[in-house]
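**Student:** What follows is structure12.pdb, PDB, C-alpha atoms.
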```pdb
ATOM      1  CA  MET T  19      13.426  -4.714 -15.459
ATOM      2  CA  ASN T  20      12.767  -1.091 -16.255
ATOM      3  CA  PRO T  21      12.458   1.302 -13.292
ATOM      4  CA  GLY T  22      10.852   4.101 -15.274
ATOM      5  CA  PRO T  23       7.167   5.034 -15.281
ATOM      6  CA  LYS T  24       4.847   2.914 -17.402
ATOM      7  CA  VAL T  25       2.154   4.364 -19.646
ATOM      8  CA  VAL T  26      -1.267   3.156 -18.478
ATOM      9  CA  PHE T  27      -3.532   4.889 -21.026
ATOM     10  CA  TYR T  28      -3.633   7.920 -23.277
ATOM     11  CA  LEU T  29      -5.718  10.961 -22.331
ATOM     12  CA  PHE T  30      -8.562  11.423 -24.892
ATOM     13  CA  GLY T  31      -6.840   8.775 -27.033
ATOM     14  CA  ASN T  32      -4.180  11.382 -27.886
ATOM     15  CA  GLN T  33      -0.736   9.814 -28.379
ATOM     16  CA  ASN T  34       0.920  13.020 -27.122
ATOM     17  CA  MET T  35      -0.795  12.853 -23.718
ATOM     18  CA  PRO T  36       0.338   9.662 -22.008
ATOM     19  CA  VAL T  37      -0.902   9.041 -18.455
ATOM     20  CA  THR T  38       1.680   7.077 -16.468
ATOM     21  CA  ASP T  39       1.261   5.043 -13.292
ATOM     22  CA  THR T  40       3.287   7.591 -11.293
ATOM     23  CA  LEU T  41       0.929  10.348 -12.469
ATOM     24  CA  ILE T  42      -2.090   8.353 -11.282
ATOM     25  CA  THR T  43      -0.413   7.820  -7.895
ATOM     26  CA  ALA T  44       0.274  11.564  -7.702
ATOM     27  CA  TRP T  45      -3.431  12.255  -8.368
ATOM     28  CA  VAL T  46      -4.361   9.782  -5.626
ATOM     29  CA  VAL T  47      -1.977  11.527  -3.202
ATOM     30  CA  VAL T  48      -3.461  14.931  -4.068
ATOM     31  CA  LEU T  49      -6.975  13.543  -3.600
ATOM     32  CA  LEU T  50      -6.070  11.978  -0.234
ATOM     33  CA  LEU T  51      -4.558  15.243   1.020
ATOM     34  CA  LEU T  52      -7.581  17.211  -0.253
ATOM     35  CA  VAL T  53     -10.083  14.901   1.443
ATOM     36  CA  PHE T  54      -8.027  14.940   4.653
ATOM     37  CA  SER T  55      -7.873  18.747   4.762
ATOM     38  CA  LEU T  56     -11.578  19.157   3.966
ATOM     39  CA  PHE T  57     -12.402  16.589   6.653
ATOM     40  CA  LEU T  58     -10.203  18.406   9.165
ATOM     41  CA  ARG T  59     -11.484  21.867   8.208
ATOM     42  CA  LYS T  60     -15.036  20.929   9.171
ATOM     43  CA  ARG T  61     -13.897  19.842  12.615
ATOM     44  CA  LEU T  62     -11.653  22.811  13.482
ATOM     45  CA  LYS T  63     -12.078  23.809  17.128
ATOM     46  CA  ILE T  64     -10.652  26.478  19.418
ATOM     47  CA  ILE T  65      -9.501  23.740  21.789
ATOM     48  CA  PRO T  66      -7.783  21.303  19.418
ATOM     49  CA  GLY T  67      -8.311  17.558  19.516
ATOM     50  CA  LYS T  68      -5.503  15.042  19.040
ATOM     51  CA  LEU T  69      -5.493  15.127  15.205
ATOM     52  CA  GLN T  70      -5.716  18.906  14.992
ATOM     53  CA  ASN T  71      -2.911  19.156  17.561
ATOM     54  CA  ALA T  72      -0.630  16.937  15.459
ATOM     55  CA  VAL T  73      -1.301  18.928  12.260
ATOM     56  CA  GLU T  74      -0.775  22.237  14.068
ATOM     57  CA  LEU T  75       2.529  20.904  15.438
ATOM     58  CA  LEU T  76       3.680  19.990  11.912
ATOM     59  CA  LEU T  77       2.700  23.373  10.457
ATOM     60  CA  THR T  78       4.376  25.251  13.311
ATOM     61  CA  ALA T  79       7.543  23.196  12.807
ATOM     62  CA  ILE T  80       7.584  24.082   9.081
ATOM     63  CA  GLU T  81       6.995  27.757   9.882
ATOM     64  CA  ASP T  82       9.880  27.684  12.375
ATOM     65  CA  GLN T  83      12.144  26.395   9.602
ATOM     66  CA  ILE T  84      11.110  29.192   7.201
ATOM     67  CA  GLU T  85      11.267  32.098   9.642
ATOM     68  CA  PRO T  86      15.075  32.261  10.267
ATOM     69  CA  MET T  87      15.946  32.145   6.546
ATOM     70  CA  LEU T  88      13.172  34.409   5.224
ATOM     71  CA  PRO T  89      12.575  36.889   8.058
ATOM     72  CA  GLY T  90       8.992  38.115   8.278
ATOM     73  CA  MET T  91       7.755  35.739   5.564
ATOM     74  CA  GLY T  92       7.143  32.629   7.656
ATOM     75  CA  ARG T  93       3.365  32.966   7.477
ATOM     76  CA  SER T  94       3.135  33.976   3.803
ATOM     77  CA  MET T  95       5.514  31.260   2.572
ATOM     78  CA  LEU T  96       3.964  28.536   4.761
ATOM     79  CA  PRO T  97       1.285  27.400   2.240
ATOM     80  CA  PHE T  98       3.851  27.002  -0.566
ATOM     81  CA  ILE T  99       6.685  25.304   1.349
ATOM     82  CA  GLY T 100       4.237  23.306   3.466
ATOM     83  CA  THR T 101       2.450  21.975   0.383
ATOM     84  CA  ILE T 102       5.747  20.916  -1.197
ATOM     85  CA  PHE T 103       6.926  19.225   1.999
ATOM     86  CA  ILE T 104       3.655  17.401   2.718
ATOM     87  CA  PHE T 105       3.113  16.339  -0.917
ATOM     88  CA  ILE T 106       6.640  14.921  -1.289
ATOM     89  CA  GLY T 107       6.527  13.317   2.145
ATOM     90  CA  VAL T 108       3.227  11.539   1.444
ATOM     91  CA  SER T 109       4.351  10.513  -2.068
ATOM     92  CA  ASN T 110       7.525   8.965  -0.641
ATOM     93  CA  LEU T 111       5.602   7.209   2.132
ATOM     94  CA  ILE T 112       3.034   5.791  -0.302
ATOM     95  CA  GLY T 113       5.881   3.969  -2.076
ATOM     96  CA  ILE T 114       6.004   1.542   0.854
ATOM     97  CA  LEU T 115       2.811  -0.134  -0.410
ATOM     98  CA  PRO T 116       3.697  -3.027  -2.706
ATOM     99  CA  LEU T 117       3.147  -2.428  -6.454
ATOM    100  CA  VAL T 118       2.539   1.309  -5.909
ATOM    101  CA  PRO T 119       5.174   3.403  -7.702
ATOM    102  CA  SER T 120       6.274   6.492  -5.789
ATOM    103  CA  PRO T 121       5.372   9.698  -7.695
ATOM    104  CA  SER T 122       8.710  11.284  -6.746
ATOM    105  CA  GLY T 123      10.536   8.368  -8.394
ATOM    106  CA  ASP T 124       9.553   9.981 -11.696
ATOM    107  CA  LEU T 125      11.724  12.834 -12.966
ATOM    108  CA  ASN T 126       8.625  14.628 -14.295
ATOM    109  CA  THR T 127       7.184  15.094 -10.792
ATOM    110  CA  ALA T 128      10.488  16.216  -9.273
ATOM    111  CA  LEU T 129      11.321  18.545 -12.177
ATOM    112  CA  GLY T 130       7.819  20.039 -12.094
ATOM    113  CA  LEU T 131       8.112  20.885  -8.403
ATOM    114  CA  ALA T 132      11.663  22.211  -8.875
ATOM    115  CA  LEU T 133      10.513  24.451 -11.761
ATOM    116  CA  VAL T 134       7.728  25.895  -9.591
ATOM    117  CA  VAL T 135      10.320  26.670  -6.892
ATOM    118  CA  PHE T 136      12.559  28.215  -9.589
ATOM    119  CA  LEU T 137       9.761  30.467 -10.857
ATOM    120  CA  VAL T 138       8.839  31.555  -7.324
ATOM    121  CA  SER T 139      12.470  32.403  -6.531
ATOM    122  CA  GLN T 140      12.825  34.449  -9.742
ATOM    123  CA  TYR T 141       9.557  36.261  -8.966
ATOM    124  CA  GLN T 142      10.774  37.060  -5.453
ATOM    125  CA  SER T 143      14.033  38.386  -6.909
ATOM    126  CA  VAL T 144      12.109  40.687  -9.276
ATOM    127  CA  LYS T 145       9.861  41.788  -6.407
ATOM    128  CA  VAL T 146      12.766  42.750  -4.135
ATOM    129  CA  ASN T 147      15.242  44.222  -6.654
ATOM    130  CA  GLY T 148      12.872  45.588  -9.305
ATOM    131  CA  PHE T 149      12.986  44.360 -12.897
ATOM    132  CA  TRP T 150      16.077  46.384 -13.849
ATOM    133  CA  GLY T 151      17.906  45.328 -10.689
ATOM    134  CA  TYR T 152      16.969  41.724 -11.398
ATOM    135  CA  LEU T 153      18.482  41.899 -14.895
ATOM    136  CA  LYS T 154      21.551  43.708 -13.546
ATOM    137  CA  GLY T 155      22.020  40.952 -10.955
ATOM    138  CA  PHE T 156      23.057  38.592 -13.770
ATOM    139  CA  ALA T 157      25.976  40.867 -14.747
ATOM    140  CA  GLU T 158      27.520  40.983 -11.291
ATOM    141  CA  PRO T 159      30.272  41.298 -10.188
ATOM    142  CA  VAL T 160      31.543  41.889 -13.763
ATOM    143  CA  ALA T 161      29.619  41.787 -17.045
ATOM    144  CA  ILE T 162      31.789  39.017 -18.496
ATOM    145  CA  LEU T 163      30.308  36.555 -15.966
ATOM    146  CA  LEU T 164      26.839  36.928 -17.559
ATOM    147  CA  PRO T 165      26.693  33.477 -19.231
ATOM    148  CA  ILE T 166      28.074  31.765 -16.124
ATOM    149  CA  ASN T 167      25.465  33.428 -13.919
ATOM    150  CA  ILE T 168      22.659  32.393 -16.286
ATOM    151  CA  ILE T 169      23.890  28.795 -16.446
ATOM    152  CA  GLY T 170      24.327  28.789 -12.670
ATOM    153  CA  ASP T 171      20.714  29.860 -12.222
ATOM    154  CA  LEU T 172      19.404  27.313 -14.731
ATOM    155  CA  ALA T 173      21.380  24.520 -13.042
ATOM    156  CA  LYS T 174      19.494  25.046  -9.776
ATOM    157  CA  PRO T 175      16.187  23.351 -10.719
ATOM    158  CA  ILE T 176      18.136  20.510 -12.377
ATOM    159  CA  SER T 177      20.236  19.718  -9.322
ATOM    160  CA  HIS T 178      17.212  20.293  -7.089
ATOM    161  CA  SER T 179      15.060  17.765  -8.956
ATOM    162  CA  PHE T 180      17.822  15.204  -9.601
ATOM    163  CA  ARG T 181      18.548  15.068  -5.865
ATOM    164  CA  LEU T 182      15.026  13.902  -5.040
ATOM    165  CA  PHE T 183      14.657  11.711  -8.147
ATOM    166  CA  GLY T 184      18.061  10.013  -7.726
ATOM    167  CA  ASN T 185      17.525   9.230  -4.060
ATOM    168  CA  ILE T 186      14.091   7.671  -4.541
ATOM    169  CA  VAL T 187      14.976   5.757  -7.733
ATOM    170  CA  GLY T 188      18.269   4.531  -6.258
ATOM    171  CA  GLY T 189      16.465   3.195  -3.181
ATOM    172  CA  GLY T 190      13.812   1.596  -5.405
ATOM    173  CA  ILE T 191      16.427  -0.172  -7.549
ATOM    174  CA  ILE T 192      18.275  -1.511  -4.486
ATOM    175  CA  ILE T 193      14.988  -2.822  -3.027
ATOM    176  CA  THR T 194      14.074  -4.462  -6.366
ATOM    177  CA  LEU T 195      17.488  -6.195  -6.488
ATOM    178  CA  ILE T 196      17.096  -7.413  -2.880
ATOM    179  CA  TYR T 197      13.598  -8.728  -3.706
ATOM    180  CA  GLN T 198      15.119 -10.884  -6.465
ATOM    181  CA  ALA T 199      17.794 -12.257  -4.110
ATOM    182  CA  ALA T 200      15.822 -12.603  -0.844
ATOM    183  CA  PRO T 201      12.072 -12.018  -1.180
ATOM    184  CA  TRP T 202      11.121 -12.761   2.434
ATOM    185  CA  LEU T 203      11.680 -10.694   5.641
ATOM    186  CA  ILE T 204      15.002  -9.151   4.574
ATOM    187  CA  PRO T 205      13.408  -6.315   2.517
ATOM    188  CA  ILE T 206      11.339  -5.093   5.519
ATOM    189  CA  PRO T 207      14.127  -3.086   7.248
ATOM    190  CA  LEU T 208      15.222  -1.830   3.826
ATOM    191  CA  HIS T 209      11.683  -0.553   3.189
ATOM    192  CA  ALA T 210      11.751   1.141   6.585
ATOM    193  CA  TRP T 211      15.092   2.768   5.739
ATOM    194  CA  PHE T 212      14.570   3.804   2.115
ATOM    195  CA  ASP T 213      10.862   4.633   2.123
ATOM    196  CA  ILE T 214      10.271   6.042   5.600
ATOM    197  CA  PHE T 215      13.599   7.524   6.748
ATOM    198  CA  ILE T 216      15.152   8.582   3.424
ATOM    199  CA  GLY T 217      11.723   9.590   2.103
ATOM    200  CA  LEU T 218      10.984  11.965   4.987
ATOM    201  CA  ILE T 219      14.568  13.318   5.041
ATOM    202  CA  GLN T 220      14.413  14.007   1.294
ATOM    203  CA  ALA T 221      11.058  15.779   1.652
ATOM    204  CA  LEU T 222      12.565  17.928   4.427
ATOM    205  CA  ILE T 223      15.671  18.634   2.321
ATOM    206  CA  PHE T 224      13.620  19.521  -0.778
ATOM    207  CA  GLY T 225      11.676  22.057   1.280
ATOM    208  CA  MET T 226      14.813  23.417   2.997
ATOM    209  CA  VAL T 227      16.671  23.819  -0.293
ATOM    210  CA  ALA T 228      13.607  25.568  -1.764
ATOM    211  CA  ILE T 229      13.672  28.015   1.169
ATOM    212  CA  ALA T 230      17.430  28.504   0.654
ATOM    213  CA  TYR T 231      17.007  29.238  -3.090
ATOM    214  CA  ILE T 232      14.241  31.769  -2.411
ATOM    215  CA  SER T 233      16.294  33.402   0.324
ATOM    216  CA  VAL T 234      19.363  33.621  -1.970
ATOM    217  CA  ALA T 235      17.214  35.083  -4.779
ATOM    218  CA  ARG T 236      15.811  37.728  -2.429
ATOM    219  CA  SER T 237      19.224  38.790  -1.152
ATOM    220  CA  ASP T 238      21.044  39.553  -4.406
TER
ATOM    221  CA  MET J  19      40.318  -5.667 -41.523
ATOM    222  CA  THR J  20      37.709  -7.898 -39.918
ATOM    223  CA  GLN J  21      34.009  -7.077 -40.199
ATOM    224  CA  PHE J  22      31.863  -7.580 -37.067
ATOM    225  CA  SER J  23      28.251  -8.667 -37.353
ATOM    226  CA  PRO J  24      25.593  -6.260 -35.927
ATOM    227  CA  GLU J  25      24.926  -8.582 -32.958
ATOM    228  CA  VAL J  26      28.581  -8.514 -31.923
ATOM    229  CA  ILE J  27      28.654  -4.729 -32.210
ATOM    230  CA  ASP J  28      25.488  -4.465 -30.065
ATOM    231  CA  THR J  29      27.042  -6.739 -27.447
ATOM    232  CA  ILE J  30      30.204  -4.637 -27.379
ATOM    233  CA  ILE J  31      28.172  -1.428 -26.972
ATOM    234  CA  ARG J  32      26.112  -2.970 -24.158
ATOM    235  CA  ALA J  33      29.235  -4.241 -22.369
ATOM    236  CA  ALA J  34      30.901  -0.843 -22.706
ATOM    237  CA  ALA J  35      27.778   0.899 -21.335
ATOM    238  CA  LEU J  36      27.664  -1.417 -18.305
ATOM    239  CA  LEU J  37      31.395  -0.889 -17.681
ATOM    240  CA  GLY J  38      30.831   2.847 -17.995
ATOM    241  CA  ALA J  39      28.018   2.668 -15.437
ATOM    242  CA  GLY J  40      30.397   0.963 -13.028
ATOM    243  CA  PHE J  41      33.088   3.568 -13.626
ATOM    244  CA  ALA J  42      30.555   6.394 -13.222
ATOM    245  CA  MET J  43      29.762   5.213  -9.710
ATOM    246  CA  ILE J  44      33.385   5.814  -8.650
ATOM    247  CA  ALA J  45      32.027   9.330  -8.076
ATOM    248  CA  GLY J  46      30.277   7.895  -4.999
ATOM    249  CA  ILE J  47      33.576   8.188  -3.115
ATOM    250  CA  GLY J  48      33.443  11.993  -3.043
ATOM    251  CA  PRO J  49      30.016  12.453  -1.395
ATOM    252  CA  GLY J  50      30.898   9.685   1.073
ATOM    253  CA  ILE J  51      33.985  11.557   2.256
ATOM    254  CA  GLY J  52      32.145  14.888   2.270
ATOM    255  CA  GLN J  53      29.117  13.648   4.202
ATOM    256  CA  GLY J  54      31.286  11.823   6.722
ATOM    257  CA  TYR J  55      33.339  14.980   7.267
ATOM    258  CA  ALA J  56      30.163  17.058   7.755
ATOM    259  CA  ALA J  57      28.724  14.504  10.214
ATOM    260  CA  GLY J  58      32.000  14.388  12.177
ATOM    261  CA  LYS J  59      32.136  18.163  12.466
ATOM    262  CA  ALA J  60      28.464  18.213  13.518
ATOM    263  CA  VAL J  61      29.220  15.695  16.294
ATOM    264  CA  GLU J  62      32.063  17.932  17.481
ATOM    265  CA  ALA J  63      29.738  20.941  17.429
ATOM    266  CA  VAL J  64      27.013  19.123  19.381
ATOM    267  CA  ALA J  65      29.600  17.957  21.936
ATOM    268  CA  ARG J  66      30.729  21.562  22.390
ATOM    269  CA  GLN J  67      27.244  23.108  22.428
ATOM    270  CA  PRO J  68      24.536  20.533  23.195
ATOM    271  CA  GLU J  69      21.831  23.226  23.409
ATOM    272  CA  ALA J  70      22.252  24.156  19.689
ATOM    273  CA  ARG J  71      21.561  20.566  18.623
ATOM    274  CA  GLY J  72      18.479  21.238  16.480
ATOM    275  CA  ASN J  73      20.112  23.998  14.446
ATOM    276  CA  ILE J  74      23.302  21.968  13.964
ATOM    277  CA  ILE J  75      21.415  18.925  12.702
ATOM    278  CA  THR J  76      19.379  21.013  10.227
ATOM    279  CA  THR J  77      22.520  22.719   8.913
ATOM    280  CA  MET J  78      24.323  19.375   8.663
ATOM    281  CA  LEU J  79      21.468  17.820   6.678
ATOM    282  CA  MET J  80      21.394  20.800   4.293
ATOM    283  CA  GLY J  81      25.141  20.619   3.724
ATOM    284  CA  GLN J  82      25.045  16.871   3.237
ATOM    285  CA  ALA J  83      22.203  17.216   0.730
ATOM    286  CA  VAL J  84      24.216  19.682  -1.322
ATOM    287  CA  ALA J  85      27.368  17.540  -1.066
ATOM    288  CA  GLU J  86      25.327  14.586  -2.271
ATOM    289  CA  SER J  87      24.390  16.149  -5.635
ATOM    290  CA  THR J  88      27.555  15.020  -7.452
ATOM    291  CA  GLY J  89      26.969  11.441  -6.334
ATOM    292  CA  ILE J  90      23.343  11.674  -7.476
ATOM    293  CA  TYR J  91      24.457  12.977 -10.893
ATOM    294  CA  SER J  92      26.711   9.951 -11.322
ATOM    295  CA  LEU J  93      23.880   7.658 -10.196
ATOM    296  CA  VAL J  94      21.534   9.182 -12.793
ATOM    297  CA  ILE J  95      24.204   8.747 -15.493
ATOM    298  CA  ALA J  96      24.724   5.127 -14.436
ATOM    299  CA  ILE J  97      20.957   4.480 -14.541
ATOM    300  CA  ILE J  98      20.746   6.024 -18.016
ATOM    301  CA  LEU J  99      23.702   3.896 -19.208
ATOM    302  CA  ILE J 100      22.204   0.679 -17.816
ATOM    303  CA  PHE J 101      18.566   1.076 -18.830
ATOM    304  CA  THR J 102      18.661   2.958 -22.120
ATOM    305  CA  THR J 103      21.403   1.194 -24.095
TER
END
```
Spit out the file's structure as structure tokens when you get a sec.
**Tutor:**
Amino acid sequence: MNPGPKVVFYLFGNQNMPVTDTLITAWVVVLLLLVFSLFLRKRLKIIPGKLQNAVELLLTAIEDQIEPMLPGMGRSMLPFIGTIFIFIGVSNLIGILPLVPSPSGDLNTALGLALVVFLVSQYQSVKVNGFWGYLKGFAEPVAILLPINIIGDLAKPISHSFRLFGNIVGGGIIITLIYQAAPWLIPIPLHAWFDIFIGLIQALIFGMVAIAYISVARSD
Amino acid sequence: MTQFSPEVIDTIIRAAALLGAGFAMIAGIGPGIGQGYAAGKAVEAVARQPEARGNIITTMLMGQAVAESTGIYSLVIAIILIFTT
């Protein structure tokens, strides 16, 4: 029993470009979201139908989470934070299907998203403080804390990605163990708990922590 | 001095790694206490100010997520110890 991603095939036959099952699931999730948005975009109306209403409610809820922590940036940060939240949420929910590995149960997916958040937060810091102010921010409050500040900044994407990865993989391992002990009926509430509840909460937390990192980077 | 065969040495390493994984998960105590404390304080806050419920729950979840990181680190270390040795 190995919970890690399995290599399905190699891209262009190149041994350095393995394509894993989690990567394929991530592509499927991206494709599903793309098709859904294109489908919805064609049917946009001034007076929204039921589906459009639900999506608008979700987007407004995300914007309301961004606005208090990044004042005046709710609308401009909505595409970024909303994409992260919806992608992670759908990837966690897709893990409920049997034999489909959740893309966020792979450290590569989580670390990739966390690195994007890290780059955006650094860019925002440069934008607010200027390049010189950004460099000076590492030597505050005293210059001797420079290495600690740099390590503290580099630790952020690691803890950010491990939080998502650990939660999803831990839930997956517990469900696999329960399947070996009691394969019928008993795993159903566990699936509901680990895949639906924990999955959505973790997607929310990943987005919230991303907002918090960007807001911290803008303030100092 | 006795010489162990390679199989015995491998078994000892595997047993030590599994024991280490068990010991690593002792770190689960800390996040448990921290999250319980945060949830208790959030209940007190909601009881005092029921109208601020949404904000309190969001703040509680954020704090719990950050408190959880140490437990997640130990879980990752335990997974590495179990599945890679």
**Student:** Kindly provide, as a ChimeraX atom specification, the residues of chain T having any atom no farther than 7 Å from an atom of chain J, counting all atoms listed in the file.
**Tutor:** /T:20,177,180-181,184,223
**Student:** Interatomic distance between atom CA of T:Asn185 and atom CA of T:Asn110?
**Tutor:**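 Going from atom CA of T:Asn185 over to atom CA of T:Asn110 covers 10.6 Å.
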**Student:** Translate the PyMOL selection byres ((chain T and resi 142-153) around 9) into a concrete residue list for this structure, as a PDB file with C-alpha atoms, in the coordinates of the input.
**Tutor:**
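Saved file result-v3.pdb follows:
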```pdb
ATOM      1  CA  LEU T 137       9.761  30.467 -10.857  1.00  0.00           C
ATOM      2  CA  VAL T 138       8.839  31.555  -7.324  1.00  0.00           C
ATOM      3  CA  SER T 139      12.470  32.403  -6.531  1.00  0.00           C
ATOM      4  CA  GLN T 140      12.825  34.449  -9.742  1.00  0.00           C
ATOM      5  CA  TYR T 141       9.557  36.261  -8.966  1.00  0.00           C
ATOM      6  CA  LYS T 154      21.551  43.708 -13.546  1.00  0.00           C
ATOM      7  CA  GLY T 155      22.020  40.952 -10.955  1.00  0.00           C
ATOM      8  CA  PHE T 156      23.057  38.592 -13.770  1.00  0.00           C
ATOM      9  CA  ALA T 157      25.976  40.867 -14.747  1.00  0.00           C
ATOM     10  CA  ILE T 232      14.241  31.769  -2.411  1.00  0.00           C
ATOM     11  CA  SER T 233      16.294  33.402   0.324  1.00  0.00           C
ATOM     12  CA  VAL T 234      19.363  33.621  -1.970  1.00  0.00           C
ATOM     13  CA  ALA T 235      17.214  35.083  -4.779  1.00  0.00           C
ATOM     14  CA  ARG T 236      15.811  37.728  -2.429  1.00  0.00           C
ATOM     15  CA  SER T 237      19.224  38.790  -1.152  1.00  0.00           C
ATOM     16  CA  ASP T 238      21.044  39.553  -4.406  1.00  0.00           C
TER      17      ASP T 238
END
```
**Student:** List as a list in words the residues having at least one atom at most 10 Å from position (30.6, 5.9, -14.6) as given in the file, counting all atoms listed in the file.
**Tutor:**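 The residues that fall inside the cut-off are Ala35, Leu36, Leu37, Gly38, Ala39, Gly40, Phe41, Ala42, Met43, Ile44, Ala45, Gly46, Ser92, Leu93, Val94, Ile95, Ala96, Ile97 and Leu99 of chain J.
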**Student:** Find the residues with any atom within 12 Å of (7.1, 32.2, 5.2); use all atoms listed in the file and the coordinates as given in the file, and write the answer as a ChimeraX atom specification.
**Tutor:** /T:77-100,225-226,228-230,232-233
**Student:** Could you save those same residues with C-alpha atoms as a PDB file, in the frame of the given file?
**Tutor:**
```
ATOM      1  CA  LEU T  77       2.700  23.373  10.457  1.00  0.00           C
ATOM      2  CA  THR T  78       4.376  25.251  13.311  1.00  0.00           C
ATOM      3  CA  ALA T  79       7.543  23.196  12.807  1.00  0.00           C
ATOM      4  CA  ILE T  80       7.584  24.082   9.081  1.00  0.00           C
ATOM      5  CA  GLU T  81       6.995  27.757   9.882  1.00  0.00           C
ATOM      6  CA  ASP T  82       9.880  27.684  12.375  1.00  0.00           C
ATOM      7  CA  GLN T  83      12.144  26.395   9.602  1.00  0.00           C
ATOM      8  CA  ILE T  84      11.110  29.192   7.201  1.00  0.00           C
ATOM      9  CA  GLU T  85      11.267  32.098   9.642  1.00  0.00           C
ATOM     10  CA  PRO T  86      15.075  32.261  10.267  1.00  0.00           C
ATOM     11  CA  MET T  87      15.946  32.145   6.546  1.00  0.00           C
ATOM     12  CA  LEU T  88      13.172  34.409   5.224  1.00  0.00           C
ATOM     13  CA  PRO T  89      12.575  36.889   8.058  1.00  0.00           C
ATOM     14  CA  GLY T  90       8.992  38.115   8.278  1.00  0.00           C
ATOM     15  CA  MET T  91       7.755  35.739   5.564  1.00  0.00           C
ATOM     16  CA  GLY T  92       7.143  32.629   7.656  1.00  0.00           C
ATOM     17  CA  ARG T  93       3.365  32.966   7.477  1.00  0.00           C
ATOM     18  CA  SER T  94       3.135  33.976   3.803  1.00  0.00           C
ATOM     19  CA  MET T  95       5.514  31.260   2.572  1.00  0.00           C
ATOM     20  CA  LEU T  96       3.964  28.536   4.761  1.00  0.00           C
ATOM     21  CA  PRO T  97       1.285  27.400   2.240  1.00  0.00           C
ATOM     22  CA  PHE T  98       3.851  27.002  -0.566  1.00  0.00           C
ATOM     23  CA  ILE T  99       6.685  25.304   1.349  1.00  0.00           C
ATOM     24  CA  GLY T 100       4.237  23.306   3.466  1.00  0.00           C
ATOM     25  CA  GLY T 225      11.676  22.057   1.280  1.00  0.00           C
ATOM     26  CA  MET T 226      14.813  23.417   2.997  1.00  0.00           C
ATOM     27  CA  ALA T 228      13.607  25.568  -1.764  1.00  0.00           C
ATOM     28  CA  ILE T 229      13.672  28.015   1.169  1.00  0.00           C
ATOM     29  CA  ALA T 230      17.430  28.504   0.654  1.00  0.00           C
ATOM     30  CA  ILE T 232      14.241  31.769  -2.411  1.00  0.00           C
ATOM     31  CA  SER T 233      16.294  33.402   0.324  1.00  0.00           C
TER      32      SER T 233
END
```
**Student:** Suppose you want the space between atom CA of T:Gly188 and atom CA of T:Gly130; what is it in Å?
**Tutor:**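 Between these atoms lies a distance of 19.6 Å.
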**Student:** Report, in Å to a single decimal, how far apart atom CA of T:Val134 and atom CA of T:Pro175 are.
**Tutor:** 8.9 Å
**Student:** Within 9 Å of stretch 50-66 of chain T, counting all atoms listed in the file, which residues qualify if same-chain residues fewer than 5 places away don't, as a VMD selection string?
**Tutor:** chain T and resid 45 71 74 104 to 105 108
**Student:** For the residues in the current selection, export C-alpha atoms as a PDB file, in the coordinates of the input.
**Tutor:**
```pdb
ATOM      1  CA  TRP T  45      -3.431  12.255  -8.368  1.00  0.00           C
ATOM      2  CA  ASN T  71      -2.911  19.156  17.561  1.00  0.00           C
ATOM      3  CA  GLU T  74      -0.775  22.237  14.068  1.00  0.00           C
ATOM      4  CA  ILE T 104       3.655  17.401   2.718  1.00  0.00           C
ATOM      5  CA  PHE T 105       3.113  16.339  -0.917  1.00  0.00           C
ATOM      6  CA  VAL T 108       3.227  11.539   1.444  1.00  0.00           C
TER       7      VAL T 108
END
```
**Student:** Once the PyMOL selection byres ((chain J and resi 52-62) around 9) has been applied to the shown file, what residues remain in the selection, as an NGL selection string?
**Tutor:** :J and (47-51 or 63-67 or 71 or 74-75 or 77-79 or 81-83 or 85-86)
**Student:** Skipping near chain neighbours, those fewer than 3 positions away, what residues fall within 10 Å of stretch 216-219 of chain T using only C-alpha atoms, listed as a list in words?
**Tutor:**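 Non-adjacent residues within range: Phe103, Ile104, Ile106, Gly107, Val108, Ser109, Asn110, Leu111, Ile112, Gly113, Ile114, Ser122, Leu182, Asn185, Ile186, Gly189, His209, Ala210, Trp211, Phe212, Asp213, Leu222, Ile223, Phe224 and Gly225 of chain T; Leu79 and Ala83 of chain J.
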**Student:** Considering only C-alpha atoms, state which residue in the set T:Leu125, T:Leu131, T:Ala72, T:Ile204 is at the smallest distance from T:Phe183.
**Tutor:**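 Using only C-alpha atoms, T:Phe183 sits closest to T:Leu125.
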